[in-house]
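start.txt, holding compact mmCIF, C-alpha atoms:
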# COMPACT_ATOMS: atom_id res chain seq x y z
CA MET A 1 24.29 25.14 -45.98
CA ASN A 2 25.76 21.91 -44.63
CA TRP A 3 23.28 20.69 -41.97
CA ASN A 4 25.57 17.82 -41.08
CA GLU A 5 28.28 20.20 -39.93
CA ILE A 6 25.80 22.33 -37.97
CA PHE A 7 23.98 19.54 -36.07
CA HIS A 8 26.72 16.89 -36.17
CA PHE A 9 24.31 14.20 -37.29
CA GLU A 10 27.08 11.68 -37.78
CA ASP A 11 28.45 12.15 -34.25
CA PHE A 12 24.95 11.94 -32.79
CA ALA A 13 24.19 8.80 -34.77
CA GLY A 14 27.45 7.27 -33.62
CA TRP A 15 26.69 8.18 -29.98
CA MET A 16 23.19 6.74 -30.21
CA SER A 17 24.49 3.51 -31.73
CA THR A 18 26.83 2.99 -28.76
CA HIS A 19 26.03 4.92 -25.58
CA GLY A 20 22.39 5.48 -26.47
CA LEU A 21 21.74 1.80 -26.97
CA ARG A 22 23.50 1.03 -23.70
CA ILE A 23 21.28 3.51 -21.84
CA VAL A 24 18.17 1.98 -23.36
CA PHE A 25 19.42 -1.47 -22.43
CA ILE A 26 20.15 -0.34 -18.85
CA VAL A 27 16.63 1.07 -18.42
CA ILE A 28 15.02 -2.06 -19.86
CA ALA A 29 17.23 -4.33 -17.75
CA ALA A 30 16.41 -2.38 -14.57
CA PHE A 31 12.70 -2.54 -15.37
CA ILE A 32 12.88 -6.29 -16.00
CA VAL A 33 14.82 -6.93 -12.76
CA VAL A 34 12.29 -4.93 -10.71
CA ARG A 35 9.34 -6.69 -12.31
CA LEU A 36 10.98 -10.09 -11.92
CA SER A 37 11.76 -9.47 -8.25
CA THR A 38 8.15 -8.39 -7.68
CA PHE A 39 6.88 -11.55 -9.39
CA ILE A 40 9.21 -13.80 -7.36
CA THR A 41 8.41 -12.20 -3.98
CA ARG A 42 4.68 -12.43 -4.63
CA ARG A 43 5.01 -16.07 -5.63
CA VAL A 44 6.92 -16.75 -2.42
CA GLU A 45 4.17 -15.01 -0.43
CA ARG A 46 1.54 -17.25 -2.04
CA MET A 47 3.54 -20.31 -1.00
CA PHE A 48 2.75 -19.45 2.63
CA GLU A 49 -0.99 -19.06 2.05
CA ASP A 50 -3.28 -21.65 3.61
CA ALA A 51 -6.74 -22.89 2.64
CA ASP A 52 -8.59 -20.29 4.74
CA PRO A 53 -9.20 -17.14 2.64
CA ASP A 54 -10.88 -15.22 5.49
CA THR A 55 -8.03 -15.15 8.00
CA MET A 56 -4.28 -14.64 7.68
CA SER A 57 -2.04 -17.01 9.59
CA GLU A 58 1.14 -15.87 11.31
CA ARG A 59 3.27 -17.17 8.42
CA GLU A 60 1.10 -15.35 5.87
CA ARG A 61 1.41 -12.04 7.71
CA GLN A 62 5.15 -12.42 8.11
CA ALA A 63 5.60 -13.29 4.43
CA ALA A 64 3.49 -10.31 3.35
CA THR A 65 5.47 -7.93 5.55
CA LEU A 66 8.90 -9.12 4.41
CA GLY A 67 7.74 -9.25 0.79
CA LYS A 68 6.76 -5.58 0.78
CA VAL A 69 10.00 -4.49 2.43
CA LEU A 70 12.10 -6.57 0.00
CA ARG A 71 10.27 -5.18 -3.03
CA ASN A 72 10.86 -1.59 -1.94
CA LEU A 73 14.50 -2.26 -1.11
CA ILE A 74 15.21 -4.04 -4.43
CA ARG A 75 13.47 -1.25 -6.37
CA LEU A 76 15.63 1.38 -4.64
CA VAL A 77 18.91 -0.49 -5.17
CA VAL A 78 18.26 -1.44 -8.83
CA TRP A 79 17.22 2.04 -9.95
CA GLY A 80 20.08 3.58 -7.99
CA ILE A 81 22.63 1.40 -9.79
CA ALA A 82 20.90 2.11 -13.11
CA LEU A 83 21.13 5.87 -12.54
CA ILE A 84 24.85 5.72 -11.76
CA THR A 85 25.51 3.59 -14.85
CA ILE A 86 23.52 5.97 -17.08
CA LEU A 87 25.52 8.94 -15.77
CA ARG A 88 28.72 7.15 -16.76
CA GLU A 89 27.36 6.57 -20.27
CA LEU A 90 26.54 10.27 -20.52
CA GLY A 91 30.19 11.03 -19.88
CA ILE A 92 29.72 12.38 -16.38
CA ASP A 93 32.57 11.56 -14.04
CA ILE A 94 30.82 9.89 -11.12
CA ALA A 95 33.87 9.76 -8.83
CA PRO A 96 33.55 13.40 -7.69
CA LEU A 97 29.81 12.94 -7.61
CA LEU A 98 30.09 9.91 -5.32
CA ALA A 99 32.55 11.78 -3.13
CA GLY A 100 30.14 14.70 -2.91
CA VAL A 101 27.27 12.40 -2.14
CA GLY A 102 29.34 10.79 0.59
CA ILE A 103 30.16 14.12 2.19
CA ALA A 104 26.54 15.26 1.85
CA GLY A 105 25.36 11.97 3.32
CA LEU A 106 27.68 12.43 6.28
CA ALA A 107 26.36 15.94 6.86
CA ILE A 108 22.77 14.80 6.50
CA GLY A 109 23.47 11.89 8.83
CA PHE A 110 24.41 14.26 11.66
CA GLY A 111 21.20 16.21 11.09
CA ALA A 112 19.00 13.19 10.53
CA GLN A 113 19.85 11.01 13.50
CA SER A 114 16.15 10.36 14.10
CA LEU A 115 15.86 8.94 10.57
CA VAL A 116 18.79 6.61 11.18
CA LYS A 117 17.20 5.62 14.49
CA ASP A 118 13.90 4.87 12.71
CA ILE A 119 15.63 2.69 10.09
CA LEU A 120 17.63 0.74 12.68
CA ALA A 121 14.48 0.21 14.75
CA GLY A 122 12.65 -0.98 11.62
CA ILE A 123 15.39 -3.52 10.95
CA PHE A 124 15.00 -4.91 14.47
CA VAL A 125 11.20 -5.01 14.11
CA LEU A 126 11.54 -7.20 11.02
CA ALA A 127 14.44 -9.29 12.33
CA GLU A 128 12.72 -10.05 15.65
CA ASP A 129 9.29 -10.55 14.03
CA GLN A 130 7.63 -8.25 16.58
CA TYR A 131 4.55 -7.70 14.40
CA ASN A 132 3.49 -8.07 10.79
CA VAL A 133 0.95 -6.72 8.32
CA GLY A 134 -2.51 -7.80 9.51
CA ASP A 135 -1.68 -7.79 13.23
CA VAL A 136 -3.59 -5.58 15.66
CA ILE A 137 -1.12 -3.77 17.89
CA LYS A 138 -0.89 -0.90 20.34
CA ALA A 139 2.19 1.30 19.99
CA ALA A 140 3.10 4.91 20.79
CA GLY A 141 -0.28 5.45 22.45
CA VAL A 142 -2.43 4.37 19.48
CA SER A 143 -3.85 1.02 18.45
CA GLY A 144 -5.05 -0.39 15.15
CA LEU A 145 -4.53 -2.84 12.32
CA VAL A 146 -1.03 -2.87 10.80
CA GLU A 147 -1.47 -1.96 7.13
CA LYS A 148 2.16 -1.40 6.19
CA VAL A 149 5.62 -1.81 7.71
CA THR A 150 8.67 -0.08 6.23
CA LEU A 151 12.18 0.42 7.54
CA ARG A 152 11.21 3.93 8.61
CA ALA A 153 7.64 3.73 9.88
CA THR A 154 4.69 1.56 10.81
CA ILE A 155 1.26 2.49 9.46
CA LEU A 156 -1.83 1.63 11.52
CA ARG A 157 -5.54 2.06 10.78
CA ASP A 158 -7.82 2.25 13.81
CA LEU A 159 -11.45 1.15 14.13
CA GLU A 160 -12.74 4.56 12.99
CA GLY A 161 -10.68 4.39 9.79
CA ASN A 162 -8.01 6.86 10.92
CA VAL A 163 -4.51 6.14 9.60
CA HIS A 164 -1.60 6.59 12.03
CA THR A 165 1.98 6.77 10.72
CA ILE A 166 4.37 5.97 13.58
CA PRO A 167 8.14 6.35 13.13
CA ASN A 168 9.77 3.12 14.25
CA GLY A 169 12.25 5.02 16.39
CA VAL A 170 9.56 6.27 18.81
CA ILE A 171 8.11 2.80 19.43
CA ASP A 172 9.48 1.62 22.74
CA VAL A 173 6.76 -0.82 23.87
CA VAL A 174 4.55 -2.79 21.46
CA THR A 175 1.45 -4.70 22.51
CA ASN A 176 0.58 -7.30 19.87
CA MET A 177 -2.98 -8.53 20.39
CA THR A 178 -2.91 -11.11 17.57
CA LYS A 179 0.45 -12.87 17.87
CA HIS A 180 0.02 -16.58 17.01
CA TRP A 181 -3.32 -16.71 18.87
CA SER A 182 -5.74 -14.41 20.69
CA ARG A 183 -7.83 -14.59 23.82
CA SER A 184 -11.25 -13.22 24.72
CA VAL A 185 -11.74 -12.58 28.45
CA LEU A 186 -15.24 -11.65 29.70
CA ASP A 187 -16.56 -10.74 33.12
CA VAL A 188 -20.23 -11.70 33.61
CA GLY A 189 -22.13 -10.07 36.48
CA VAL A 190 -25.13 -11.74 38.13
CA ALA A 191 -27.29 -10.78 41.10
CA TYR A 192 -26.28 -11.88 44.61
CA LYS A 193 -29.45 -13.94 44.91
CA GLU A 194 -28.42 -16.25 42.05
CA ASP A 195 -26.77 -19.65 42.57
CA VAL A 196 -23.20 -19.15 41.35
CA ASP A 197 -22.66 -22.84 40.53
CA GLU A 198 -25.82 -22.88 38.42
CA VAL A 199 -24.70 -19.71 36.62
CA MET A 200 -21.33 -21.26 35.77
CA ASP A 201 -23.07 -24.38 34.41
CA VAL A 202 -25.26 -22.18 32.20
CA LEU A 203 -22.20 -20.33 30.92
CA ARG A 204 -20.57 -23.64 30.00
CA GLU A 205 -23.72 -24.64 28.08
CA ILE A 206 -23.63 -21.33 26.18
CA GLY A 207 -19.96 -21.90 25.40
CA ASP A 208 -20.63 -25.42 24.12
CA GLY A 209 -23.35 -24.11 21.83
CA LEU A 210 -21.06 -21.42 20.47
CA GLU A 211 -18.30 -23.96 19.76
CA LYS A 212 -20.75 -26.16 17.82
CA ASP A 213 -21.92 -23.28 15.64
CA PRO A 214 -20.23 -23.75 12.22
CA LYS A 215 -19.78 -19.99 11.84
CA PHE A 216 -17.75 -19.67 15.04
CA ALA A 217 -16.23 -23.15 15.39
CA ARG A 218 -13.33 -22.29 13.07
CA MET A 219 -12.59 -19.15 15.11
CA ILE A 220 -12.31 -20.94 18.46
CA THR A 221 -9.23 -23.04 19.16
CA GLY A 222 -10.06 -24.15 22.70
CA PRO A 223 -13.14 -24.77 24.87
CA LEU A 224 -14.65 -22.11 27.10
CA GLU A 225 -12.80 -21.84 30.42
CA VAL A 226 -14.85 -20.74 33.43
CA LEU A 227 -12.27 -19.34 35.81
CA GLY A 228 -14.75 -18.80 38.65
CA VAL A 229 -15.81 -15.85 40.80
CA GLN A 230 -13.58 -12.93 39.90
CA ASP A 231 -15.07 -10.26 42.16
CA LEU A 232 -17.78 -9.54 44.72
CA ALA A 233 -18.75 -6.14 43.39
CA ASP A 234 -21.16 -3.59 44.86
CA SER A 235 -24.15 -4.84 42.90
CA ALA A 236 -23.06 -8.13 41.32
CA VAL A 237 -21.14 -11.34 41.66
CA VAL A 238 -18.64 -11.27 38.77
CA VAL A 239 -17.78 -14.58 37.06
CA ARG A 240 -14.80 -14.56 34.67
CA VAL A 241 -14.72 -16.73 31.53
CA MET A 242 -12.41 -16.84 28.52
CA PHE A 243 -12.05 -18.23 25.01
CA THR A 244 -8.85 -18.92 23.06
CA THR A 245 -9.30 -17.97 19.40
CA VAL A 246 -7.38 -17.66 16.17
CA PRO A 247 -5.71 -14.25 15.73
CA ASN A 248 -8.05 -11.30 15.23
CA LYS A 249 -11.23 -13.27 16.04
CA GLN A 250 -11.49 -12.65 19.78
CA TRP A 251 -13.80 -9.67 19.27
CA PRO A 252 -16.53 -11.29 17.12
CA VAL A 253 -16.50 -14.34 19.43
CA ALA A 254 -16.91 -12.11 22.50
CA ARG A 255 -19.76 -10.13 20.93
CA GLU A 256 -21.66 -13.29 20.00
CA PHE A 257 -21.06 -14.82 23.45
CA ARG A 258 -22.48 -11.71 25.16
CA ARG A 259 -25.54 -11.81 22.91
CA ARG A 260 -26.20 -15.45 23.82
CA ILE A 261 -25.69 -14.73 27.52
CA LYS A 262 -28.39 -12.04 27.44
CA LYS A 263 -30.90 -14.26 25.62
CA THR A 264 -30.20 -17.34 27.78
CA PHE A 265 -30.29 -15.45 31.09
CA ASP A 266 -33.62 -13.88 30.11
CA GLU A 267 -35.06 -17.32 29.29
CA LYS A 268 -33.84 -18.87 32.57
CA GLY A 269 -34.72 -15.87 34.75
CA ILE A 270 -31.14 -15.19 35.79
CA GLU A 271 -30.83 -11.55 36.77
CA ILE A 272 -28.14 -9.34 35.29
CA PRO A 273 -28.16 -6.61 37.96
CA PHE A 274 -27.93 -2.88 37.63
CA PRO A 275 -26.25 -0.75 40.32
CA HIS A 276 -28.12 -0.59 43.66
CA GLN A 277 -27.52 1.77 46.57
CA THR A 278 -28.64 1.33 50.16
CA ILE A 279 -29.05 4.44 52.34
CA TYR A 280 -28.41 3.94 56.07
CA LEU A 281 -30.28 6.53 58.17
CA GLY A 282 -28.39 5.84 61.38
CA GLU A 283 -29.62 5.05 64.89
CA GLY A 284 -32.99 6.42 65.95
CA ALA A 285 -34.49 6.26 62.46
CA PRO A 286 -38.15 5.20 62.21
CA MET A 287 -38.45 1.42 62.25
CA ASP A 288 -41.45 1.43 59.90
CA GLY A 289 -39.32 2.75 57.04
CA ARG A 290 -41.08 6.15 56.80
CA LEU A 291 -38.73 9.12 56.48
CA PRO A 292 -39.97 12.40 58.08
CA VAL A 293 -39.93 15.26 55.57
CA GLU A 294 -40.26 18.91 56.55
CA LEU A 295 -42.43 20.94 54.16
CA ALA A 296 -40.69 24.28 54.02
CA GLY A 297 -42.61 27.52 53.41
CA GLU A 298 -46.02 26.26 54.66
CA PRO A 299 -47.33 27.78 57.91
CA GLY A 300 -48.08 25.10 60.43
CA ALA A 301 -46.41 22.45 58.29
CA VAL A 302 -46.02 19.06 59.84
CA ALA A 303 -43.66 16.19 59.09
CA ALA A 304 -44.85 13.90 56.33
CA GLY A 305 -45.69 10.47 57.68
CA SER A 306 -46.31 11.73 61.25
CA PRO A 307 -49.69 11.29 63.09
CA GLY A 308 -50.42 14.98 62.66
CA ALA A 309 -49.93 14.70 58.96
CA ARG A 310 -52.39 11.79 58.76
CA ASP A 311 -55.03 13.73 60.79
CA SER A 312 -54.60 16.75 58.53
CA ASP A 313 -55.07 14.58 55.45
CA GLU A 314 -58.26 13.07 56.88
CA ARG A 315 -59.71 16.53 57.61
CA GLU A 316 -58.98 17.67 54.08
CA GLU A 317 -60.83 14.68 52.73
In structure tokens, what does this structure look like?
Amino acid sequence: MNWNEIFHFEDFAGWMSTHGLRIVFIVIAAFIVVRLSTFITRRVERMFEDADPDTMSERERQAATLGKVLRNLIRLVVWGIALITILRELGIDIAPLLAGVGIAGLAIGFGAQSLVKDILAGIFVLAEDQYNVGDVIKAAGVSGLVEKVTLRATILRDLEGNVHTIPNGVIDVVTNMTKHWSRSVLDVGVAYKEDVDEVMDVLREIGDGLEKDPKFARMITGPLEVLGVQDLADSAVVVRVMFTTVPNKQWPVAREFRRRIKKTFDEKGIEIPFPHQTIYLGEGAPMDGRLPVELAGEPGAVAAGSPGARDSDEREE
């Protein structure tokens, strides 16, 4: 039995020495290009890093976002070209295949208009630099930290750890709470009996102390601004103040400022009021403040607080 004639070892060896080697070279070249592009994009991202490891600047977030999108796009294009080239080496005529793919793509395009809309919207998000990875935004009714941006969708994680995947095409209005800088606005309520000017001076002292704290000094980019009396509410005089902070740090600054307000107001005897309600009894009400109360179900009951009620109490004693 001639095994060479049965399995065509010579033809297979000849094919492997030509087309087989080319396929191996194509796979290795594609792998190297993808790895090299990943290395280059990550190096470029590190060029935009600053000396602060705790916070990401606007340039860092933008570089991280574009780097991820570029890596995914390069990976898709390189492996797509590699697949087409390998098919040619296998002897498959790719012209009809490309024509079929084109027709199928056209048909899919009519049925996937929302996908095309998402991709176009994603391109505009990146081109206009609306938000980046690390920003805190509100979009499509949800808010959270941007963990990933692709051409198709934006992925947010909220404070409870829930992950929201939002197609870019449904995002019509975006609220970016950490674009370039952030602001912390607080309304502080004090009792009507307090001296408002004194309260504002105390708030400025608290703000100065917070700015001098090494832990918070790097988070605050501008001094505390006391805007003045914001509202004369039912139970309090509301004074509005605000801080300008680096992106994403308005919330820890606000929490620490509220904590210091509570401690300082307690030390200085400044009242933080709770809701009060005054009941007006109308004309003819007793001037001594006593409210007559009828005791239902008791024979011969008298109004509480009346002279008869006092005489009855004395007899019982």
Rounded to one decimal place, report the atom CA of Gly222 of chain A-atom CA of Phe243 of chain A distance in Å.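 Between atom CA of Gly222 of chain A and atom CA of Phe243 of chain A the gap is 6.7 Å.
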Residue with smallest distance to Leu126 of chain A - pool A:Leu151, A:Val34, A:Ala254, A:Ala236, counting only C-alpha atoms: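 For Leu126 of chain A, the nearest of the candidates is A:Leu151.
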Just to confirm, what's the straight-line distance from atom CA of Arg258 of chain A to atom CA of Leu186 of chain A in Å (one decimal)?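 The value is 8.5 Å.
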Excluding Phe274 of chain A and its own-chain neighbours fewer than 2 positions away, which residues fall within 12 Å of it when counting only C-alpha atoms? Please give them as a VMD selection string. chain A and resid 189 to 192 233 to 237 271 to 272 276 to 277
Please, what distance in Å, to one decimal, runs between atom CA of Val173 of chain A and atom CA of Val185 of chain A?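 If I compute the distance from atom CA of Val173 of chain A to atom CA of Val185 of chain A, I get 22.4 Å.
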Restricting the calculation to only C-alpha atoms, which member of A:Gly269, A:Gly134, A:Gly228, A:Pro275 is positioned closest to Asp187 of chain A?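 Closest to Asp187 of chain A of all the choices is A:Gly228.
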Selected residue of minimal separation from Val125 of chain A among A:Thr38, A:Gln62, A:Asn72, A:Gln113, counting all atoms listed in the file: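 The answer is A:Gln62, which sits nearest to Val125 of chain A.
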Please tell me which residues are no farther than 7 Å from (-8.8, -16.8, 21.3) in the file, counting only C-alpha atoms, and write them as a PyMOL selection string. chain A and resi 181-184+220-221+243-247+249-250
Test item: residues at most 10 Å from Ile171 of chain A, only C-alpha atoms, excluding those fewer than 4 positions along its chain, as a list in words: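 Contacts, with the query itself left out: Asp118, Ala121, Gly122, Val125, Lys138, Ala139, Ala140, Gly141, Ala153, Thr154, Ile166 and Pro167 of chain A.
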Could you check the closest approach to Asn168 of chain A for each of A:Val199, A:Phe31, A:Ala63, A:Val116 and tell me which residue wins, using all atoms listed in the file?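 Among the listed residues, A:Val116 lies closest to Asn168 of chain A.
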I need the residue nearest Val24 of chain A from this list: A:Thr264, A:Phe216, A:Leu83, A:Val239. Use all atoms listed in the file for the distance. A:Leu83
Neighbouring residues of Val238 of chain A were defined as those with any atom within 6 Å, considering only C-alpha atoms; residues of the same chain fewer than 5 positions away were excluded. Please report them as a ChimeraX atom specification. /A:188-189,229-231
Taking only C-alpha atoms into account, which of A:Leu87, A:Leu210, A:Leu76, A:Pro273 comes nearest Arg259 of chain A?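 Among the listed residues, A:Leu210 lies closest to Arg259 of chain A.
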Might you pull out every residue within 10 Å of Ile23 of chain A, with only C-alpha atoms counted and same-chain residues fewer than 2 positions away left off, and present them as a compact mmCIF listing (two decimals) with C-alpha atoms, in the frame of the given file?
# COMPACT_ATOMS: atom_id res chain seq x y z
CA MET A 16 23.19 6.74 -30.21
CA THR A 18 26.83 2.99 -28.76
CA HIS A 19 26.03 4.92 -25.58
CA GLY A 20 22.39 5.48 -26.47
CA LEU A 21 21.74 1.80 -26.97
CA PHE A 25 19.42 -1.47 -22.43
CA ILE A 26 20.15 -0.34 -18.85
CA VAL A 27 16.63 1.07 -18.42
CA ILE A 28 15.02 -2.06 -19.86
CA ALA A 29 17.23 -4.33 -17.75
CA ALA A 82 20.90 2.11 -13.11
CA LEU A 83 21.13 5.87 -12.54
CA THR A 85 25.51 3.59 -14.85
CA ILE A 86 23.52 5.97 -17.08
CA LEU A 87 25.52 8.94 -15.77
CA ARG A 88 28.72 7.15 -16.76
CA GLU A 89 27.36 6.57 -20.27
CA LEU A 90 26.54 10.27 -20.52
